[in-house]
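Asks: One file is attached below, structure-v3.tsv, containing TSV, C-alpha atoms.
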chain	number	residue	atom	x	y	z
A	256	GLY	CA	-36.68	-33.03	-19.69
A	257	ASP	CA	-40.07	-31.43	-20.03
A	258	SER	CA	-42.93	-33.28	-18.38
A	259	VAL	CA	-46.54	-33.03	-17.24
A	260	THR	CA	-47.97	-34.52	-14.07
A	261	GLN	CA	-51.69	-34.91	-13.39
A	262	MET	CA	-53.55	-36.01	-10.33
A	263	GLU	CA	-54.37	-39.67	-10.43
A	264	GLY	CA	-57.82	-40.91	-11.16
A	265	PRO	CA	-60.37	-42.12	-11.30
A	266	VAL	CA	-62.25	-39.15	-9.93
A	267	THR	CA	-65.87	-39.87	-9.09
A	268	LEU	CA	-68.28	-37.00	-8.47
A	269	SER	CA	-71.98	-36.49	-8.16
A	270	GLU	CA	-73.76	-34.34	-10.71
A	271	GLU	CA	-73.44	-30.59	-10.01
A	272	ALA	CA	-70.34	-31.07	-7.86
A	273	PHE	CA	-67.26	-28.86	-8.24
A	274	LEU	CA	-64.39	-30.33	-10.21
A	275	THR	CA	-60.67	-29.74	-9.91
A	276	ILE	CA	-58.08	-31.79	-11.76
A	277	ASN	CA	-54.56	-30.77	-10.85
A	278	CYS	CA	-51.85	-30.44	-13.47
A	279	THR	CA	-48.27	-29.31	-12.99
A	280	TYR	CA	-45.48	-29.14	-15.50
A	281	THR	CA	-41.75	-28.81	-15.84
A	282	ALA	CA	-40.41	-27.12	-18.92
A	283	THR	CA	-37.71	-24.83	-20.17
A	284	GLY	CA	-38.94	-21.57	-21.54
A	285	TYR	CA	-42.60	-20.78	-21.90
A	286	PRO	CA	-44.63	-23.65	-23.28
A	287	SER	CA	-48.23	-23.47	-24.43
A	288	LEU	CA	-50.56	-25.48	-22.20
A	289	PHE	CA	-53.63	-27.47	-23.14
A	290	TRP	CA	-56.40	-29.60	-21.75
A	291	TYR	CA	-57.77	-32.33	-23.99
A	292	VAL	CA	-60.78	-34.57	-23.37
A	293	GLN	CA	-61.23	-38.12	-24.62
A	294	TYR	CA	-64.61	-39.82	-24.63
A	295	PRO	CA	-64.68	-43.64	-24.73
A	296	GLY	CA	-63.50	-45.07	-28.02
A	297	GLU	CA	-62.76	-41.68	-29.52
A	298	GLY	CA	-59.80	-39.47	-30.30
A	299	LEU	CA	-58.87	-36.41	-28.30
A	300	GLN	CA	-60.70	-33.10	-28.46
A	301	LEU	CA	-59.09	-29.83	-27.52
A	302	LEU	CA	-60.97	-28.47	-24.51
A	303	LEU	CA	-59.05	-25.29	-23.79
A	304	LYS	CA	-55.63	-23.72	-24.06
A	305	ALA	CA	-53.38	-20.98	-22.71
A	306	THR	CA	-50.32	-19.71	-24.48
A	307	LYS	CA	-48.70	-17.43	-21.88
A	308	ALA	CA	-48.51	-16.82	-18.17
A	309	ASP	CA	-51.74	-15.65	-16.48
A	310	ASP	CA	-53.83	-16.55	-19.51
A	311	LYS	CA	-57.12	-18.22	-18.64
A	312	GLY	CA	-58.50	-20.77	-21.05
A	313	SER	CA	-62.20	-21.53	-20.90
A	314	ASN	CA	-64.72	-23.64	-22.77
A	315	LYS	CA	-68.01	-25.39	-21.97
A	316	GLY	CA	-67.85	-24.23	-18.34
A	317	PHE	CA	-64.31	-25.53	-17.85
A	318	GLU	CA	-61.50	-23.15	-16.93
A	319	ALA	CA	-57.76	-23.32	-16.37
A	320	THR	CA	-55.25	-20.57	-15.62
A	321	TYR	CA	-51.61	-20.69	-16.68
A	322	ARG	CA	-49.67	-20.13	-13.43
A	323	LYS	CA	-46.00	-19.69	-14.12
A	324	GLU	CA	-45.06	-19.16	-10.49
A	325	THR	CA	-46.47	-22.54	-9.49
A	326	THR	CA	-45.98	-24.17	-12.93
A	327	SER	CA	-49.59	-25.29	-12.83
A	328	PHE	CA	-52.61	-25.43	-15.12
A	329	HIS	CA	-55.39	-26.89	-13.00
A	330	LEU	CA	-58.71	-27.69	-14.65
A	331	GLU	CA	-61.90	-26.55	-12.90
A	332	LYS	CA	-65.62	-26.67	-13.49
A	333	GLY	CA	-68.23	-25.32	-11.14
A	334	SER	CA	-70.95	-27.87	-11.77
A	335	VAL	CA	-70.23	-31.12	-13.56
A	336	GLN	CA	-72.74	-33.12	-15.58
A	337	VAL	CA	-72.96	-36.81	-16.36
A	338	SER	CA	-71.97	-35.97	-19.93
A	339	ASP	CA	-68.60	-34.69	-18.64
A	340	SER	CA	-67.57	-38.26	-17.84
A	341	ALA	CA	-64.40	-38.82	-19.86
A	342	VAL	CA	-60.62	-38.91	-19.58
A	343	TYR	CA	-58.91	-35.53	-19.34
A	344	PHE	CA	-55.33	-34.96	-20.47
A	345	CYS	CA	-53.15	-32.02	-19.60
A	346	ALA	CA	-50.43	-31.31	-22.16
A	347	LEU	CA	-47.75	-28.87	-23.16
A	348	VAL	CA	-46.10	-28.16	-26.45
A	349	TRP	CA	-42.38	-28.79	-26.34
A	350	GLY	CA	-39.99	-27.14	-28.73
A	351	SER	CA	-41.16	-24.76	-31.42
A	352	ASN	CA	-44.74	-23.75	-30.73
A	353	GLN	CA	-45.60	-24.06	-34.39
A	354	GLY	CA	-44.41	-27.61	-34.85
A	355	GLY	CA	-43.39	-28.89	-31.48
A	356	LYS	CA	-44.38	-32.17	-29.94
A	357	LEU	CA	-47.17	-32.46	-27.42
A	358	ILE	CA	-46.14	-33.87	-24.08
A	359	PHE	CA	-49.07	-35.43	-22.23
A	360	GLY	CA	-49.82	-36.11	-18.64
A	361	GLN	CA	-51.01	-39.56	-17.76
A	362	GLY	CA	-54.69	-38.64	-17.99
A	363	THR	CA	-57.37	-38.44	-15.32
A	364	GLU	CA	-60.57	-40.39	-15.66
A	365	LEU	CA	-63.65	-38.54	-14.48
A	366	SER	CA	-66.88	-40.34	-13.70
A	367	VAL	CA	-69.96	-38.27	-12.88
A	368	LYS	CA	-72.88	-40.05	-11.26
A	369	PRO	CA	-76.48	-38.79	-11.51
B	148	GLY	CA	-61.15	-25.01	-37.13
B	149	ALA	CA	-58.71	-27.66	-38.28
B	150	VAL	CA	-60.30	-31.02	-39.01
B	151	VAL	CA	-58.44	-34.32	-39.16
B	152	SER	CA	-60.14	-37.38	-40.59
B	153	GLN	CA	-58.80	-40.82	-39.68
B	154	HIS	CA	-59.80	-44.05	-41.36
B	155	PRO	CA	-60.66	-46.79	-40.62
B	156	SER	CA	-62.20	-46.46	-37.17
B	157	TRP	CA	-61.55	-50.06	-36.41
B	158	VAL	CA	-59.91	-52.98	-38.17
B	159	ILE	CA	-59.40	-56.64	-37.44
B	160	CYS	CA	-56.62	-58.44	-39.27
B	161	LYS	CA	-54.90	-61.78	-39.19
B	162	SER	CA	-51.46	-62.17	-37.71
B	163	GLY	CA	-48.76	-61.64	-40.35
B	164	THR	CA	-50.77	-59.30	-42.57
B	165	SER	CA	-50.31	-55.55	-42.98
B	166	VAL	CA	-52.77	-52.80	-42.19
B	167	LYS	CA	-52.81	-49.25	-43.46
B	168	ILE	CA	-54.31	-46.37	-41.48
B	169	GLU	CA	-55.01	-43.04	-43.19
B	170	CYS	CA	-55.00	-39.60	-41.68
B	171	ARG	CA	-56.25	-36.66	-43.73
B	172	SER	CA	-56.27	-32.96	-43.00
B	173	LEU	CA	-59.55	-31.72	-44.44
B	174	ASP	CA	-59.27	-27.96	-44.25
B	175	PHE	CA	-55.61	-27.18	-43.77
B	176	GLN	CA	-52.26	-28.17	-45.15
B	177	ALA	CA	-50.32	-30.38	-42.79
B	178	THR	CA	-46.59	-30.30	-43.29
B	179	THR	CA	-46.25	-32.23	-40.05
B	180	MET	CA	-48.47	-34.86	-38.51
B	181	PHE	CA	-47.98	-36.99	-35.44
B	182	TRP	CA	-48.82	-40.63	-34.82
B	183	TYR	CA	-49.62	-41.92	-31.37
B	184	ARG	CA	-50.37	-45.24	-29.81
B	185	GLN	CA	-52.57	-45.64	-26.78
B	186	PHE	CA	-52.94	-48.67	-24.56
B	187	PRO	CA	-56.08	-49.14	-22.44
B	188	LYS	CA	-56.28	-46.80	-19.47
B	189	GLN	CA	-53.03	-45.14	-20.45
B	190	SER	CA	-51.83	-41.91	-21.96
B	191	LEU	CA	-50.80	-41.38	-25.56
B	192	MET	CA	-47.35	-42.50	-26.61
B	193	LEU	CA	-45.83	-40.56	-29.48
B	194	MET	CA	-44.59	-43.00	-32.09
B	195	ALA	CA	-43.34	-40.75	-34.85
B	196	THR	CA	-43.48	-37.36	-36.50
B	197	SER	CA	-44.55	-37.50	-40.12
B	198	ASN	CA	-43.01	-34.87	-42.38
B	199	GLU	CA	-44.42	-34.08	-45.81
B	200	GLY	CA	-41.99	-35.00	-48.55
B	201	SER	CA	-39.35	-36.45	-46.27
B	202	LYS	CA	-38.70	-39.31	-43.92
B	203	ALA	CA	-40.57	-39.64	-40.69
B	204	THR	CA	-38.83	-39.11	-37.39
B	205	TYR	CA	-39.37	-42.03	-35.05
B	206	GLU	CA	-39.28	-41.96	-31.28
B	207	GLN	CA	-36.80	-44.10	-29.46
B	208	GLY	CA	-37.88	-47.72	-29.25
B	209	VAL	CA	-40.33	-47.57	-32.17
B	210	GLU	CA	-39.51	-50.00	-34.96
B	211	LYS	CA	-39.26	-48.12	-38.24
B	212	ASP	CA	-39.64	-51.24	-40.34
B	213	LYS	CA	-42.78	-52.33	-38.55
B	214	PHE	CA	-44.53	-48.98	-38.50
B	215	LEU	CA	-44.10	-47.46	-41.94
B	216	ILE	CA	-45.12	-43.84	-42.30
B	217	ASN	CA	-45.69	-42.10	-45.58
B	218	HIS	CA	-46.54	-38.41	-45.95
B	219	ALA	CA	-46.63	-37.91	-49.68
B	220	SER	CA	-48.94	-34.92	-49.77
B	221	LEU	CA	-49.89	-31.96	-47.60
B	222	THR	CA	-53.22	-33.55	-46.74
B	223	LEU	CA	-52.46	-37.23	-46.25
B	224	SER	CA	-50.27	-39.22	-43.92
B	225	THR	CA	-50.47	-43.00	-43.64
B	226	LEU	CA	-49.29	-45.47	-41.04
B	227	THR	CA	-48.81	-49.06	-42.16
B	228	VAL	CA	-48.41	-51.74	-39.53
B	229	THR	CA	-46.45	-54.44	-41.31
B	230	SER	CA	-46.56	-58.13	-40.43
B	231	ALA	CA	-48.90	-57.38	-37.60
B	232	HIS	CA	-48.92	-59.52	-34.47
B	233	PRO	CA	-51.30	-59.58	-31.52
B	234	GLU	CA	-48.98	-57.35	-29.49
B	235	ASP	CA	-49.54	-54.62	-32.11
B	236	SER	CA	-53.20	-54.51	-31.15
B	237	SER	CA	-53.84	-51.02	-29.86
B	238	PHE	CA	-55.56	-47.70	-30.45
B	239	TYR	CA	-53.69	-45.54	-32.96
B	240	ILE	CA	-54.35	-41.80	-33.23
B	241	CYS	CA	-52.99	-39.15	-35.56
B	242	SER	CA	-52.89	-35.41	-35.10
B	243	GLY	CA	-52.02	-32.29	-37.03
B	244	GLY	CA	-52.43	-28.55	-37.03
B	245	SER	CA	-50.72	-25.83	-35.06
B	246	GLY	CA	-48.87	-26.38	-31.83
B	247	LEU	CA	-49.56	-22.78	-30.90
B	248	TYR	CA	-53.32	-23.08	-31.15
B	249	GLY	CA	-53.70	-26.72	-30.23
B	250	TYR	CA	-53.33	-29.76	-32.38
B	251	THR	CA	-56.37	-31.52	-33.81
B	252	PHE	CA	-56.70	-35.25	-33.39
B	253	GLY	CA	-58.26	-37.89	-35.57
B	254	SER	CA	-60.94	-40.10	-34.13
B	255	GLY	CA	-58.54	-43.00	-33.74
B	256	THR	CA	-58.24	-46.50	-35.16
B	257	ARG	CA	-58.78	-49.57	-33.03
B	258	LEU	CA	-56.53	-52.33	-34.41
B	259	THR	CA	-57.09	-55.92	-33.34
B	260	VAL	CA	-54.72	-58.58	-34.61
B	261	VAL	CA	-55.98	-62.14	-34.29
Starting from the file, lay out its structure as structure tokens.
Replies:
Amino acid sequence: GDSVTQMEGPVTLSEEAFLTINCTYTATGYPSLFWYVQYPGEGLQLLLKATKADDKGSNKGFEATYRKETTSFHLEKGSVQVSDSAVYFCALVWGSNQGGKLIFGQGTELSVKP
Amino acid sequence: GAVVSQHPSWVICKSGTSVKIECRSLDFQATTMFWYRQFPKQSLMLMATSNEGSKATYEQGVEKDKFLINHASLTLSTLTVTSAHPEDSSFYICSGGSGLYGYTFGSGTRLTVV
């Protein structure tokens, strides 16, 4: 079945370091791909998305490119801040894009030290 | 963008009692909403898909009689944890919106059963 695999955390970086969180997926067809962020004690917030191959999603300095050939959607940020400390989830929509279920990766905890 | 309001944020209840969690779509009509459960340091587990005007669809292994879902209107879905026990203590999150553009999540409800 469809699935999402993320690199394991926790990831600990110093402020202004470069961030990469790897995400790969297996799916039939062409799913939409998402990155969500969860701050402690809160729900999930949509960070960015890509709906077709070669699309690049970007928001708040974060970027991810939908790579069909490698079935990947890696999250990157050039210079992380302490406020970026959170758990990041990669996800795809399975089934109908309008009403399909989200399939999540296991989440990657990011801790940014000053 | 789509806004989902979830209430309460946290609740403590005695073992054997029932707890109702509400999830409202504030600026869109939600024919479908999803309910998740999240354990500490883990990803989200889809419990059920709530369908307006019809029965919810539960994921395998989720007890329908324990986790009652009602979706009586296009803006409100509720999850009732019946006869709660300490093992039901968890973080519950709802979501709605468009799978194509990225679902919106509620802020979550922390349930503690004592």
Asks: Once you count only C-alpha atoms, which residues of chain A turn out to be within 8 Å of chain B? Could you give them as a list in words?
Replies: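 Filtering chain A at 8 Å from chain B with only C-alpha atoms gives Ser287, Phe289, Gly296, Glu297, Gly298, Leu299, Gln300, Leu301, Lys304, Thr306, Phe344, Val348, Ser351, Asn352, Gln353, Gly354, Gly355, Lys356, Leu357, Phe359, Gly360, Gln361 and Gly362 of chain A.
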Asks: Atom CA of Glu206 of chain B to atom CA of Val259 of chain A: how many Å, to one decimal?
Replies: 18.2 Å
Asks: Go ahead and compute the interatomic distance for atom CA of Leu303 of chain A and atom CA of Trp290 of chain A, in Å to one decimal.
Replies: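 Interatomic distance here is 5.5 Å.
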Asks: Kindly provide, as a list in words, the polymer residues lying within 10 Å of (-52.9, -18.4, -19.5), counting all atoms listed in the file and using the coordinates exactly as they appear in the file.
Replies: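 All residues meeting the 10 Å criterion around (-52.9, -18.4, -19.5) are Ser287, Leu288, Phe289, Lys304, Ala305, Thr306, Lys307, Ala308, Asp309, Asp310, Lys311, Gly312, Ser313, Ala319, Thr320, Tyr321, Arg322, Lys323 and Phe328 of chain A.
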Asks: For segment 168-175 of chain B, list every protein, DNA or RNA residue within 7 Å, evaluated using all atoms listed in the file, and leave out those in the same chain fewer than 4 positions away; present the list as an mmCIF file with C-alpha atoms, in the frame of the given file.
Replies:
data_model
loop_
_atom_site.group_PDB
_atom_site.id
_atom_site.type_symbol
_atom_site.label_atom_id
_atom_site.label_comp_id
_atom_site.auth_asym_id
_atom_site.auth_seq_id
_atom_site.Cartn_x
_atom_site.Cartn_y
_atom_site.Cartn_z
ATOM 1 C CA ALA B 149 -58.710 -27.660 -38.280
ATOM 2 C CA VAL B 150 -60.300 -31.020 -39.010
ATOM 3 C CA VAL B 151 -58.440 -34.320 -39.160
ATOM 4 C CA SER B 152 -60.140 -37.380 -40.590
ATOM 5 C CA GLN B 153 -58.800 -40.820 -39.680
ATOM 6 C CA HIS B 154 -59.800 -44.050 -41.360
ATOM 7 C CA PRO B 155 -60.660 -46.790 -40.620
ATOM 8 C CA THR B 222 -53.220 -33.550 -46.740
ATOM 9 C CA LEU B 223 -52.460 -37.230 -46.250
ATOM 10 C CA SER B 224 -50.270 -39.220 -43.920
ATOM 11 C CA THR B 225 -50.470 -43.000 -43.640
ATOM 12 C CA LEU B 226 -49.290 -45.470 -41.040
ATOM 13 C CA THR B 227 -48.810 -49.060 -42.160
ATOM 14 C CA CYS B 241 -52.990 -39.150 -35.560
#
Asks: Report, in Å to a single decimal, how far apart atom CA of Leu347 of chain A and atom CA of Gly284 of chain A are.
Replies: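 Here the two named atoms are 11.6 Å from each other.
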Asks: List as a PyMOL selection string the protein and nucleic acid residues near Val266 of chain A, meaning an atom at most 12 Å away when all atoms listed in the file are counted, but skip any in the same chain fewer than 3 places from it.
Replies: chain A and resi 261-263+269+272-277+335+339-343+362-368
Asks: Which one of B:Ser237, B:Lys211, B:Ala231, B:Ser197 sits closest to Val261 of chain B if you count only C-alpha atoms?
Replies: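 With only C-alpha atoms as the atom set, the closest residue is B:Ala231.
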Asks: Taking only C-alpha atoms into account, which of B:Leu215, B:Met194, B:Leu221, B:Val209 comes nearest Lys167 of chain B?
Replies: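 For Lys167 of chain B, the nearest of the given residues is B:Leu215.
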Asks: Using all atoms listed in the file for the distances, tell me which of A:Lys332, A:Tyr291, A:Thr326, A:Glu318 is nearest to Thr260 of chain A.
Replies: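 Residue with the minimum atom-to-atom distance to Thr260 of chain A: A:Thr326.
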Asks: Can you tell me, as a PDB file with C-alpha atoms, in the coordinates of the input, what residues are no more than 9 Å from Gly163 of chain B when counting only C-alpha atoms, ignoring any on the same chain fewer than 3 positions away?
Replies:
ATOM      1  CA  CYS B 160     -56.620 -58.440 -39.270  1.00  0.00           C
ATOM      2  CA  THR B 229     -46.450 -54.440 -41.310  1.00  0.00           C
ATOM      3  CA  SER B 230     -46.560 -58.130 -40.430  1.00  0.00           C
ATOM      4  CA  ALA B 231     -48.900 -57.380 -37.600  1.00  0.00           C
ATOM      5  CA  HIS B 232     -48.920 -59.520 -34.470  1.00  0.00           C
ATOM      6  CA  VAL B 260     -54.720 -58.580 -34.610  1.00  0.00           C
TER       7      VAL B 260
END
